[in-house]
>>> print(open('target11.csv').read())   # CSV, C-alpha atoms
chain,number,residue,atom,x,y,z
R,1,MET,CA,-85.9,31.6,-57.8
R,2,LEU,CA,-87.7,34.3,-59.8
R,3,LEU,CA,-87.8,37.6,-57.9
R,4,VAL,CA,-91.0,39.5,-58.7
R,5,LYS,CA,-90.9,43.2,-58.0
R,6,LYS,CA,-94.1,44.9,-56.9
R,7,LYS,CA,-94.9,48.4,-56.0
R,8,CYS,CA,-96.8,49.6,-53.0
R,9,ASN,CA,-99.6,52.2,-53.3
R,10,ASN,CA,-97.1,54.9,-52.4
R,11,GLY,CA,-94.8,54.0,-55.3
R,12,LEU,CA,-92.0,52.4,-53.2
R,13,ASN,CA,-90.4,49.2,-54.5
R,14,ILE,CA,-91.1,46.3,-52.1
R,15,ASN,CA,-87.7,44.8,-52.9
R,16,SER,CA,-86.0,48.1,-51.8
R,17,ILE,CA,-88.0,48.1,-48.6
R,18,THR,CA,-86.8,44.6,-47.9
R,19,LYS,CA,-83.2,45.6,-48.6
R,20,THR,CA,-83.5,48.6,-46.3
R,21,LYS,CA,-84.9,46.5,-43.4
R,22,TYR,CA,-82.1,44.0,-44.0
R,23,MET,CA,-79.4,46.7,-43.9
R,24,LYS,CA,-80.9,48.0,-40.7
R,25,LYS,CA,-80.7,44.6,-39.1
R,26,ILE,CA,-77.0,44.2,-40.3
R,27,THR,CA,-76.2,47.7,-38.9
R,28,LEU,CA,-77.8,46.8,-35.5
R,29,PHE,CA,-76.0,43.5,-35.4
R,30,ILE,CA,-72.6,45.2,-36.1
R,31,PHE,CA,-73.4,47.9,-33.5
R,32,THR,CA,-74.3,45.2,-30.9
R,33,ILE,CA,-71.0,43.4,-31.5
R,34,PHE,CA,-69.0,46.6,-31.3
R,35,THR,CA,-70.7,47.7,-28.1
R,36,THR,CA,-70.0,44.3,-26.6
R,37,ILE,CA,-66.3,44.5,-27.4
R,38,ILE,CA,-65.7,48.0,-26.0
R,39,THR,CA,-67.9,47.6,-22.9
R,40,ALA,CA,-65.9,46.9,-19.7
R,41,GLN,CA,-66.2,43.4,-18.4
R,42,SER,CA,-68.9,43.0,-15.8
R,43,VAL,CA,-68.2,41.8,-12.3
R,44,ALA,CA,-70.5,40.5,-9.6
R,45,ILE,CA,-70.6,42.4,-6.3
R,46,GLY,CA,-69.7,39.2,-4.5
R,47,ASN,CA,-66.5,38.8,-6.6
R,48,SER,CA,-65.3,42.4,-6.4
R,49,SER,CA,-62.8,43.6,-3.8
R,50,LEU,CA,-64.6,47.0,-3.8
R,51,PHE,CA,-67.3,45.4,-1.7
R,52,SER,CA,-66.8,43.8,1.8
R,53,THR,CA,-69.1,41.3,3.5
R,54,THR,CA,-71.1,42.1,6.6
R,55,THR,CA,-72.5,40.1,9.4
R,56,ASN,CA,-76.1,41.1,8.4
R,57,SER,CA,-77.9,38.2,6.8
R,58,THR,CA,-80.0,40.5,4.6
R,59,TRP,CA,-77.6,43.4,3.7
R,60,THR,CA,-74.6,41.1,3.0
R,61,HIS,CA,-72.2,43.4,1.0
R,62,VAL,CA,-71.1,47.0,1.5
R,63,THR,CA,-68.9,49.6,-0.2
R,64,THR,CA,-67.5,52.6,1.7
R,65,LEU,CA,-67.9,56.1,0.4
R,66,THR,CA,-66.2,58.0,3.3
R,67,LEU,CA,-65.0,57.5,6.9
R,68,VAL,CA,-65.2,59.7,9.9
R,69,THR,CA,-61.4,59.6,9.9
R,70,ASP,CA,-61.5,61.6,6.6
R,71,GLY,CA,-62.4,64.7,8.7
R,72,ALA,CA,-63.9,67.6,6.8
R,73,GLU,CA,-64.0,65.6,3.6
R,74,SER,CA,-66.5,63.3,5.0
R,75,GLN,CA,-69.0,66.2,5.5
R,76,ALA,CA,-69.4,66.7,1.8
R,77,ALA,CA,-72.1,65.1,-0.3
R,78,GLN,CA,-71.2,61.5,-1.0
R,79,THR,CA,-72.1,60.0,-4.4
R,80,LEU,CA,-71.9,56.4,-5.7
R,81,GLU,CA,-72.5,55.7,-9.4
R,82,ILE,CA,-72.8,52.1,-10.5
R,83,ASN,CA,-73.8,50.8,-13.9
R,84,ILE,CA,-75.7,47.6,-13.4
R,85,THR,CA,-75.6,44.9,-16.1
R,86,ASN,CA,-77.3,42.1,-14.3
R,87,LEU,CA,-80.1,42.7,-11.8
R,88,PRO,CA,-81.5,39.8,-9.8
R,89,ALA,CA,-85.1,40.1,-8.7
R,90,GLY,CA,-85.6,42.0,-5.5
R,91,ALA,CA,-82.1,43.5,-5.5
R,92,GLN,CA,-81.9,46.6,-3.3
R,93,TYR,CA,-79.5,48.9,-1.5
R,94,ARG,CA,-79.7,51.0,1.6
R,95,VAL,CA,-77.6,53.8,3.1
R,96,TYR,CA,-75.7,53.5,6.3
R,97,LYS,CA,-74.2,56.6,8.0
R,98,THR,CA,-73.2,57.9,11.3
R,99,THR,CA,-75.1,60.8,12.9
R,100,ALA,CA,-73.9,63.9,14.6
R,101,SER,CA,-74.1,62.2,18.0
R,102,GLY,CA,-72.0,59.2,16.7
R,103,GLY,CA,-75.0,56.9,16.4
R,104,ASN,CA,-75.9,54.6,13.5
R,105,TYR,CA,-78.5,55.4,10.9
R,106,PHE,CA,-79.8,52.8,8.4
R,107,GLY,CA,-82.0,54.0,5.5
R,108,ASN,CA,-84.9,52.0,4.0
R,109,GLY,CA,-84.2,49.6,1.2
R,110,GLN,CA,-84.3,51.1,-2.2
R,111,ASP,CA,-84.8,49.3,-5.5
R,112,LEU,CA,-82.0,49.2,-8.0
R,113,ALA,CA,-82.5,49.5,-11.8
R,114,MET,CA,-80.7,48.1,-14.8
R,115,GLY,CA,-78.2,50.7,-16.2
R,116,ASN,CA,-76.8,53.6,-14.3
R,117,ASN,CA,-77.8,54.1,-10.7
R,118,THR,CA,-76.7,57.3,-8.9
R,119,ILE,CA,-76.9,57.3,-5.1
R,120,THR,CA,-76.2,60.6,-3.3
R,121,VAL,CA,-76.1,61.2,0.4
R,122,GLY,CA,-76.5,64.9,1.2
R,123,ALA,CA,-73.8,67.0,2.9
R,124,VAL,CA,-73.7,67.6,6.7
R,125,THR,CA,-71.8,69.8,9.1
R,126,PHE,CA,-70.1,67.1,11.1
R,127,ASP,CA,-67.6,64.3,10.4
R,128,ARG,CA,-69.3,61.0,9.5
R,129,THR,CA,-69.0,57.6,7.9
R,130,VAL,CA,-71.2,56.7,4.9
R,131,LYS,CA,-71.5,53.3,3.4
R,132,ILE,CA,-73.9,51.7,0.8
R,133,GLN,CA,-75.2,48.2,1.6
R,134,PHE,CA,-76.5,45.7,-0.9
R,135,ASN,CA,-78.7,42.6,-0.4
R,136,ASN,CA,-77.6,40.4,-3.3
R,137,ASP,CA,-74.0,39.4,-4.2
R,138,THR,CA,-74.9,38.4,-7.8
R,139,ILE,CA,-75.6,42.0,-8.8
R,140,GLU,CA,-73.2,42.6,-11.7
R,141,PHE,CA,-71.8,46.0,-12.8
R,142,ASP,CA,-69.3,47.2,-15.4
R,143,SER,CA,-68.5,50.6,-14.0
R,144,LEU,CA,-68.4,52.1,-10.5
R,145,SER,CA,-67.3,55.5,-9.2
R,146,VAL,CA,-67.3,57.2,-5.8
R,147,ASN,CA,-67.4,61.0,-5.6
R,148,GLY,CA,-66.2,61.2,-9.2
R,149,GLU,CA,-63.3,58.8,-8.8
R,150,ASN,CA,-63.6,55.9,-11.2
R,151,LEU,CA,-62.9,52.7,-9.2
R,152,TYR,CA,-64.0,50.2,-11.8
R,153,PRO,CA,-62.8,49.5,-14.4
R,154,GLY,CA,-60.2,51.8,-12.9
R,155,GLN,CA,-59.2,53.8,-15.9
R,156,SER,CA,-58.0,57.3,-15.1
R,157,GLY,CA,-59.1,59.9,-17.6
R,158,GLY,CA,-59.8,57.2,-20.2
R,159,THR,CA,-56.1,56.8,-20.8
R,160,ASP,CA,-54.3,53.5,-21.3
R,161,ASP,CA,-51.2,52.3,-19.4
R,162,CYS,CA,-48.2,50.4,-20.7
R,163,VAL,CA,-46.1,47.6,-19.1
R,164,GLY,CA,-42.9,49.7,-19.3
R,165,THR,CA,-44.3,52.7,-17.5
R,166,SER,CA,-46.5,51.1,-14.9
R,167,ALA,CA,-45.4,50.8,-11.3
R,168,LEU,CA,-47.3,47.5,-11.0
R,169,PHE,CA,-44.5,45.7,-12.9
R,170,ALA,CA,-41.2,44.8,-11.2
R,171,SER,CA,-37.9,44.0,-13.0
R,172,GLY,CA,-37.3,40.5,-14.4
R,173,PRO,CA,-34.8,38.6,-16.4
R,174,ALA,CA,-33.4,39.9,-19.8
R,175,ALA,CA,-35.8,37.9,-21.9
R,176,TYR,CA,-38.9,38.8,-19.8
R,177,PRO,CA,-37.9,42.1,-18.0
R,178,TYR,CA,-41.4,43.1,-16.8
R,179,VAL,CA,-42.9,41.0,-14.0
R,180,LEU,CA,-46.4,41.1,-12.4
R,181,THR,CA,-46.7,39.1,-9.2
R,182,SER,CA,-49.9,37.3,-8.7
R,183,THR,CA,-49.2,35.6,-5.3
R,184,LEU,CA,-46.4,34.6,-3.1
R,185,ALA,CA,-45.8,31.4,-1.1
R,186,SER,CA,-45.6,33.6,2.0
R,187,ALA,CA,-49.3,34.4,1.5
R,188,GLY,CA,-50.0,30.8,2.8
R,189,ALA,CA,-53.3,29.1,1.9
R,190,SER,CA,-54.5,31.9,-0.3
R,191,SER,CA,-51.6,31.2,-2.7
R,192,GLN,CA,-53.0,27.8,-3.4
R,193,ALA,CA,-56.1,29.2,-5.1
R,194,ALA,CA,-56.4,29.6,-8.9
R,195,GLN,CA,-54.6,32.7,-10.2
R,196,THR,CA,-56.2,34.6,-13.0
R,197,LEU,CA,-54.9,37.5,-15.1
R,198,GLN,CA,-57.2,39.4,-17.5
R,199,ILE,CA,-55.5,42.1,-19.5
R,200,ASN,CA,-57.3,44.1,-22.3
R,201,ILE,CA,-54.5,44.9,-24.8
R,202,THR,CA,-54.9,48.1,-26.8
R,203,SER,CA,-51.4,48.3,-28.4
R,204,LEU,CA,-48.6,45.8,-29.2
R,205,PRO,CA,-45.1,46.4,-30.5
R,206,GLU,CA,-44.4,45.6,-34.2
R,207,GLY,CA,-43.8,41.9,-34.4
R,208,GLY,CA,-46.0,41.1,-31.4
R,209,ALA,CA,-45.3,40.3,-27.8
R,210,ASN,CA,-45.3,37.4,-25.4
R,211,TYR,CA,-45.7,36.5,-21.7
R,212,ARG,CA,-45.1,33.4,-19.7
R,213,VAL,CA,-46.1,32.0,-16.3
R,214,VAL,CA,-43.4,31.5,-13.7
R,215,LYS,CA,-44.4,29.5,-10.6
R,216,THR,CA,-42.9,27.4,-7.8
R,217,VAL,CA,-43.9,23.7,-7.6
R,218,ALA,CA,-44.5,21.4,-4.6
R,219,ASN,CA,-40.8,20.9,-3.9
R,220,GLY,CA,-40.1,24.6,-4.1
R,221,ASN,CA,-38.4,24.6,-7.5
R,222,TRP,CA,-39.2,27.1,-10.2
R,223,ASN,CA,-41.2,26.2,-13.3
R,224,ASN,CA,-41.2,28.5,-16.4
R,225,SER,CA,-44.0,27.9,-18.9
R,226,ASN,CA,-43.7,28.2,-22.7
R,227,PRO,CA,-44.4,31.7,-24.0
R,228,PHE,CA,-47.9,32.7,-24.8
R,229,SER,CA,-48.6,35.2,-27.6
R,230,LEU,CA,-50.6,38.3,-26.7
R,231,SER,CA,-53.3,39.6,-29.0
R,232,LEU,CA,-55.3,42.9,-29.2
R,233,GLY,CA,-58.4,42.7,-27.0
R,234,LEU,CA,-59.0,40.7,-23.9
R,235,ASN,CA,-56.4,38.1,-22.9
R,236,THR,CA,-57.2,35.8,-20.0
R,237,LYS,CA,-54.8,33.3,-18.4
R,238,THR,CA,-55.7,31.1,-15.3
R,239,VAL,CA,-53.1,29.2,-13.4
R,240,ALA,CA,-54.9,26.2,-11.8
R,241,ALA,CA,-55.3,25.8,-8.0
R,242,VAL,CA,-52.9,23.5,-6.1
R,243,SER,CA,-52.7,21.9,-2.7
R,244,PHE,CA,-49.4,23.6,-1.6
R,245,ASP,CA,-48.2,27.2,-1.0
R,246,ARG,CA,-46.6,28.6,-4.1
R,247,THR,CA,-45.5,31.8,-5.9
R,248,VAL,CA,-47.0,32.7,-9.2
R,249,LYS,CA,-45.8,35.5,-11.5
R,250,PHE,CA,-46.6,36.7,-15.0
R,251,GLN,CA,-43.6,37.8,-17.0
R,252,PHE,CA,-43.8,40.0,-20.2
R,253,ASP,CA,-41.2,40.5,-22.9
R,254,SER,CA,-41.9,44.1,-24.1
R,255,GLU,CA,-42.4,47.5,-22.5
R,256,GLU,CA,-44.7,48.5,-25.4
R,257,ILE,CA,-47.6,46.3,-24.3
R,258,CYS,CA,-50.4,48.8,-23.5
R,259,TYR,CA,-53.7,48.0,-21.9
R,260,SER,CA,-57.0,49.6,-20.9
R,261,SER,CA,-57.8,47.1,-18.1
R,262,LEU,CA,-55.7,44.9,-15.9
R,263,VAL,CA,-57.6,42.5,-13.6
R,264,LEU,CA,-55.7,40.2,-11.2
R,265,ASN,CA,-57.8,37.7,-9.3
R,266,GLY,CA,-60.9,39.8,-9.7
R,267,THR,CA,-59.2,43.1,-8.7
R,268,GLU,CA,-58.8,45.9,-11.3
R,269,LEU,CA,-55.3,47.2,-10.9
R,270,LEU,CA,-55.3,49.9,-13.6
R,271,GLY,CA,-55.3,53.3,-11.8
R,272,LEU,CA,-53.9,52.0,-8.5
R,273,ASP,CA,-50.5,53.3,-9.4
R,274,ASP,CA,-51.8,56.7,-10.4
R,275,LEU,CA,-50.9,59.4,-8.0
R,276,SER,CA,-53.2,62.1,-6.6
R,277,PHE,CA,-50.2,64.5,-6.4
R,278,SER,CA,-47.7,64.6,-9.3
R,279,ASP,CA,-44.7,65.2,-7.0
R,280,ILE,CA,-45.6,62.5,-4.5
R,281,MET,CA,-44.7,58.8,-4.9
R,282,ILE,CA,-46.0,55.9,-2.9
R,283,TYR,CA,-44.2,52.7,-3.8
R,284,PRO,CA,-44.0,49.8,-4.4
R,285,ASN,CA,-47.6,49.0,-5.4
R,286,PRO,CA,-48.5,46.1,-5.1
R,287,THR,CA,-46.2,45.3,-2.2
R,288,THR,CA,-45.5,42.5,0.3
R,289,ASP,CA,-43.9,44.4,3.1
R,290,ASN,CA,-42.7,48.1,3.2
R,291,ILE,CA,-44.5,51.1,1.6
R,292,TYR,CA,-42.4,54.2,1.0
R,293,VAL,CA,-43.5,57.8,0.5
R,294,GLU,CA,-41.3,60.2,-1.6
R,295,GLY,CA,-41.9,63.8,-2.4
R,296,ALA,CA,-43.8,64.7,0.8
R,297,GLN,CA,-41.9,66.9,3.3
R,298,ASN,CA,-42.4,67.0,7.0
R,299,ILE,CA,-44.6,63.9,7.2
R,300,LYS,CA,-46.5,63.9,10.5
R,301,SER,CA,-48.1,60.5,10.2
R,302,ILE,CA,-48.9,57.6,7.9
R,303,LYS,CA,-52.1,55.6,8.6
R,304,VAL,CA,-53.2,52.3,7.1
R,305,TYR,CA,-56.9,51.4,7.0
R,306,SER,CA,-58.6,48.3,5.9
R,307,ILE,CA,-61.2,48.6,3.1
R,308,LEU,CA,-63.8,48.4,5.9
R,309,GLY,CA,-62.4,51.6,7.4
R,310,SER,CA,-60.7,50.2,10.5
R,311,LEU,CA,-57.3,51.7,11.4
R,312,GLU,CA,-54.7,48.9,11.1
R,313,LYS,CA,-51.4,50.8,11.6
R,314,GLU,CA,-50.1,54.3,12.3
R,315,VAL,CA,-46.5,55.6,12.3
R,316,PHE,CA,-45.2,59.0,13.0
R,317,ASN,CA,-42.4,61.2,11.6
R,318,THR,CA,-41.3,58.7,9.0
R,319,ASN,CA,-41.7,58.1,5.3
R,320,GLN,CA,-42.3,54.4,5.4
R,321,VAL,CA,-44.6,51.8,7.0
R,322,ASP,CA,-44.3,48.0,7.2
R,323,ILE,CA,-47.5,46.2,6.2
R,324,SER,CA,-46.1,42.7,6.0
R,325,ASP,CA,-48.4,41.5,8.8
R,326,LEU,CA,-51.6,42.8,7.2
R,327,SER,CA,-54.0,40.7,5.1
R,328,THR,CA,-53.7,40.5,1.4
R,329,GLY,CA,-55.9,42.7,-0.7
R,330,ILE,CA,-56.7,46.4,-0.9
R,331,HIS,CA,-55.8,48.8,1.9
R,332,LEU,CA,-56.0,52.6,2.2
R,333,ILE,CA,-52.9,54.7,3.0
R,334,LYS,CA,-53.4,58.2,4.5
R,335,VAL,CA,-50.3,60.5,4.6
R,336,ASP,CA,-50.5,63.7,6.6
R,337,ASN,CA,-47.9,66.4,6.2
R,338,GLY,CA,-50.2,69.3,6.9
R,339,THR,CA,-52.2,68.2,3.8
R,340,VAL,CA,-53.8,64.8,4.0
R,341,PHE,CA,-53.9,62.6,0.9
R,342,THR,CA,-55.1,59.1,0.4
R,343,LYS,CA,-53.8,56.3,-1.8
R,344,LYS,CA,-55.1,52.7,-2.5
R,345,ILE,CA,-52.5,50.0,-2.3
R,346,ILE,CA,-52.5,46.3,-2.7
R,347,LYS,CA,-50.9,44.0,-0.2
R,348,GLN,CA,-49.8,40.7,-1.8
>>> encode(input="target11.csv", output="structure tokens")
Amino acid sequence: MLLVKKKCNNGLNINSITKTKYMKKITLFIFTIFTTIITAQSVAIGNSSLFSTTTNSTWTHVTTLTLVTDGAESQAAQTLEINITNLPAGAQYRVYKTTASGGNYFGNGQDLAMGNNTITVGAVTFDRTVKIQFNNDTIEFDSLSVNGENLYPGQSGGTDDCVGTSALFASGPAAYPYVLTSTLASAGASSQAAQTLQINITSLPEGGANYRVVKTVANGNWNNSNPFSLSLGLNTKTVAAVSFDRTVKFQFDSEEICYSSLVLNGTELLGLDDLSFSDIMIYPNPTTDNIYVEGAQNIKSIKVYSILGSLEKEVFNTNQVDISDLSTGIHLIKVDNGTVFTKKIIKQ
């Protein structure tokens, strides 16, 4: 093909203009790919443990910003920030809060927008509960924070975590010394569901690293899978559903596996083992039975709340609480030793 160069009236070469446009398209394409890679994975409200279902047929899903049991903290302004990546037609939110007399207040429905949405409920002079309700469970988001605390994707200060330093991993056999429990046979019917691990790897040891799936089978015996190689970026493994109660664990062979996101069955775990007070430890997390508090002197009480805000357990003058009889999922632990601090824990 013969390429004929022509000049515009302003003296520019048309072939140069074409190249410039082409390079802009290439640059935009590369930027789009890069942005897609570094953006947190979106999750639907209906699939996120940060939202609970309601009995209201219109406002079906709710997230809690504060509870009256938070005391003076609940009086401050309450802010939800959610970055929406998929917005169904007609999707709205409304504010629920309790009033000074203890009554219930429901705000009018407000439209949501693609991108970042900031919802602030003004400060008051009385203890109160504040929740945000949504009318569509297919709304998707890739970041969510409450009062400045990043709850999804759960990264604290933008830092990564590593298998060897995370409290989420228990000790395992010599070849696979780091174990993340996905479900236990004692969880009953919920253990039969598919188990999915999503881990976004940011660093691997020289020579690479592997993981394997360990699970019990129908007769109660253990089955160890062949090793799977890990790679930089998002790694996803799903263990198929079964018709019997079983235990499923993911075992890793190196402490140097670092990650920026760790999602287990739709729940972002990264950040759940970060402590609000450097000298205080609440462990193990996740757990199946007992939670222990270390580093807090003269503990007056430990309270356990559901994600909906209902008080489930309360113990006094002790540093431990048994939650073996509570439902699986996220719960809130409040420790009072003169100063009240709160920690999210996962019951498996």
>>> closest_atom_pairs(input="target11.csv", of="region 77-186 of chain R", to="region 222-231 of chain R", cutoff="12 Å", atoms="all atoms listed in the file", output="CSV")
residue,atom,partner,partner_atom,distance
R:Pro173,CA,R:Asn224,CA,12.0
R:Ala175,CA,R:Pro227,CA,10.8
R:Tyr176,CA,R:Pro227,CA,9.9
>>> closest_atom_pairs(input="target11.csv", of="region 100-145 of chain R", to="region 82-94 of chain R", cutoff="7 Å", atoms="all atoms listed in the file", output="CSV")
residue,atom,partner,partner_atom,distance
R:Gly107,CA,R:Arg94,CA,5.4
R:Asn108,CA,R:Arg94,CA,5.8
R:Gly109,CA,R:Arg94,CA,4.7
R:Gln110,CA,R:Gln92,CA,5.2
R:Asp111,CA,R:Gln92,CA,4.5
R:Leu112,CA,R:Gln92,CA,5.4
R:Met114,CA,R:Ile84,CA,5.2
R:Gly115,CA,R:Ile84,CA,4.9
R:Asn116,CA,R:Asn83,CA,4.1
R:Asn117,CA,R:Ile82,CA,5.4
R:Thr118,CA,R:Ile82,CA,6.7
R:Ile132,CA,R:Arg94,CA,5.9
R:Gln133,CA,R:Arg94,CA,5.3
R:Phe134,CA,R:Tyr93,CA,4.4
R:Asn135,CA,R:Gln92,CA,5.9
R:Asn136,CA,R:Ala91,CA,5.9
R:Ile139,CA,R:Leu87,CA,5.5
R:Glu140,CA,R:Asn86,CA,4.9
R:Phe141,CA,R:Ile84,CA,4.3
R:Asp142,CA,R:Asn83,CA,6.0
R:Ser143,CA,R:Asn83,CA,5.3
R:Leu144,CA,R:Ile82,CA,4.4
R:Ser145,CA,R:Ile82,CA,6.6
>>> write_last_selection(input="target11.csv", atoms="C-alpha atoms", output="mmCIF file, in the coordinates of the input")
data_model
loop_
_atom_site.group_PDB
_atom_site.id
_atom_site.type_symbol
_atom_site.label_atom_id
_atom_site.label_comp_id
_atom_site.auth_asym_id
_atom_site.auth_seq_id
_atom_site.Cartn_x
_atom_site.Cartn_y
_atom_site.Cartn_z
ATOM 1 C CA GLY R 107 -82.000 54.000 5.500
ATOM 2 C CA ASN R 108 -84.900 52.000 4.000
ATOM 3 C CA GLY R 109 -84.200 49.600 1.200
ATOM 4 C CA GLN R 110 -84.300 51.100 -2.200
ATOM 5 C CA ASP R 111 -84.800 49.300 -5.500
ATOM 6 C CA LEU R 112 -82.000 49.200 -8.000
ATOM 7 C CA MET R 114 -80.700 48.100 -14.800
ATOM 8 C CA GLY R 115 -78.200 50.700 -16.200
ATOM 9 C CA ASN R 116 -76.800 53.600 -14.300
ATOM 10 C CA ASN R 117 -77.800 54.100 -10.700
ATOM 11 C CA THR R 118 -76.700 57.300 -8.900
ATOM 12 C CA ILE R 132 -73.900 51.700 0.800
ATOM 13 C CA GLN R 133 -75.200 48.200 1.600
ATOM 14 C CA PHE R 134 -76.500 45.700 -0.900
ATOM 15 C CA ASN R 135 -78.700 42.600 -0.400
ATOM 16 C CA ASN R 136 -77.600 40.400 -3.300
ATOM 17 C CA ILE R 139 -75.600 42.000 -8.800
ATOM 18 C CA GLU R 140 -73.200 42.600 -11.700
ATOM 19 C CA PHE R 141 -71.800 46.000 -12.800
ATOM 20 C CA ASP R 142 -69.300 47.200 -15.400
ATOM 21 C CA SER R 143 -68.500 50.600 -14.000
ATOM 22 C CA LEU R 144 -68.400 52.100 -10.500
ATOM 23 C CA SER R 145 -67.300 55.500 -9.200
#
>>> atom_distance(input="target11.csv", atom1="CA of Arg246 (chain R)", atom2="CA of Asp289 (chain R)")
17.6 Å
>>> closest_residue(input="target11.csv", among="R:Gln251, R:Thr183, R:Thr138, R:Gln192", to="Arg212 (chain R)", atoms="only C-alpha atoms")
R:Gln251
>>> residues_around(input="target11.csv", residues="Gly338 (chain R)", least_positions_apart="5", cutoff="12 Å", atoms="all atoms listed in the file", output="PyMOL selection string")
chain R and resi 296-302
>>> residues_around(input="target11.csv", residues="region 68-79 of chain R", least_positions_apart="3", cutoff="12 Å", atoms="all atoms listed in the file", output="mmCIF file with C-alpha atoms, in the frame of the given file")
data_model
loop_
_atom_site.group_PDB
_atom_site.id
_atom_site.type_symbol
_atom_site.label_atom_id
_atom_site.label_comp_id
_atom_site.auth_asym_id
_atom_site.auth_seq_id
_atom_site.Cartn_x
_atom_site.Cartn_y
_atom_site.Cartn_z
ATOM 1 C CA THR R 63 -68.900 49.600 -0.200
ATOM 2 C CA THR R 64 -67.500 52.600 1.700
ATOM 3 C CA LEU R 65 -67.900 56.100 0.400
ATOM 4 C CA ILE R 82 -72.800 52.100 -10.500
ATOM 5 C CA VAL R 95 -77.600 53.800 3.100
ATOM 6 C CA TYR R 96 -75.700 53.500 6.300
ATOM 7 C CA LYS R 97 -74.200 56.600 8.000
ATOM 8 C CA THR R 98 -73.200 57.900 11.300
ATOM 9 C CA THR R 99 -75.100 60.800 12.900
ATOM 10 C CA ALA R 100 -73.900 63.900 14.600
ATOM 11 C CA GLY R 102 -72.000 59.200 16.700
ATOM 12 C CA ASN R 117 -77.800 54.100 -10.700
ATOM 13 C CA THR R 118 -76.700 57.300 -8.900
ATOM 14 C CA ILE R 119 -76.900 57.300 -5.100
ATOM 15 C CA THR R 120 -76.200 60.600 -3.300
ATOM 16 C CA VAL R 121 -76.100 61.200 0.400
ATOM 17 C CA GLY R 122 -76.500 64.900 1.200
ATOM 18 C CA ALA R 123 -73.800 67.000 2.900
ATOM 19 C CA VAL R 124 -73.700 67.600 6.700
ATOM 20 C CA THR R 125 -71.800 69.800 9.100
ATOM 21 C CA PHE R 126 -70.100 67.100 11.100
ATOM 22 C CA ASP R 127 -67.600 64.300 10.400
ATOM 23 C CA ARG R 128 -69.300 61.000 9.500
ATOM 24 C CA THR R 129 -69.000 57.600 7.900
ATOM 25 C CA VAL R 130 -71.200 56.700 4.900
ATOM 26 C CA LYS R 131 -71.500 53.300 3.400
ATOM 27 C CA ILE R 132 -73.900 51.700 0.800
ATOM 28 C CA LEU R 144 -68.400 52.100 -10.500
ATOM 29 C CA SER R 145 -67.300 55.500 -9.200
ATOM 30 C CA VAL R 146 -67.300 57.200 -5.800
ATOM 31 C CA ASN R 147 -67.400 61.000 -5.600
ATOM 32 C CA GLY R 148 -66.200 61.200 -9.200
ATOM 33 C CA GLU R 149 -63.300 58.800 -8.800
ATOM 34 C CA ASN R 150 -63.600 55.900 -11.200
ATOM 35 C CA LYS R 303 -52.100 55.600 8.600
ATOM 36 C CA VAL R 304 -53.200 52.300 7.100
ATOM 37 C CA TYR R 305 -56.900 51.400 7.000
ATOM 38 C CA GLY R 309 -62.400 51.600 7.400
ATOM 39 C CA SER R 310 -60.700 50.200 10.500
ATOM 40 C CA LEU R 311 -57.300 51.700 11.400
ATOM 41 C CA LEU R 332 -56.000 52.600 2.200
ATOM 42 C CA ILE R 333 -52.900 54.700 3.000
ATOM 43 C CA LYS R 334 -53.400 58.200 4.500
ATOM 44 C CA VAL R 335 -50.300 60.500 4.600
ATOM 45 C CA ASP R 336 -50.500 63.700 6.600
ATOM 46 C CA THR R 339 -52.200 68.200 3.800
ATOM 47 C CA VAL R 340 -53.800 64.800 4.000
ATOM 48 C CA PHE R 341 -53.900 62.600 0.900
ATOM 49 C CA THR R 342 -55.100 59.100 0.400
#
>>> residues_around(input="target11.csv", residues="Thr165 (chain R)", least_positions_apart="3", cutoff="9 Å", atoms="only C-alpha atoms", output="VMD selection string")
chain R and resid 161 to 162 168 to 169 255 to 256
>>> atom_distance(input="target11.csv", atom1="CA of Thr287 (chain R)", atom2="CA of Ile346 (chain R)")
6.4 Å
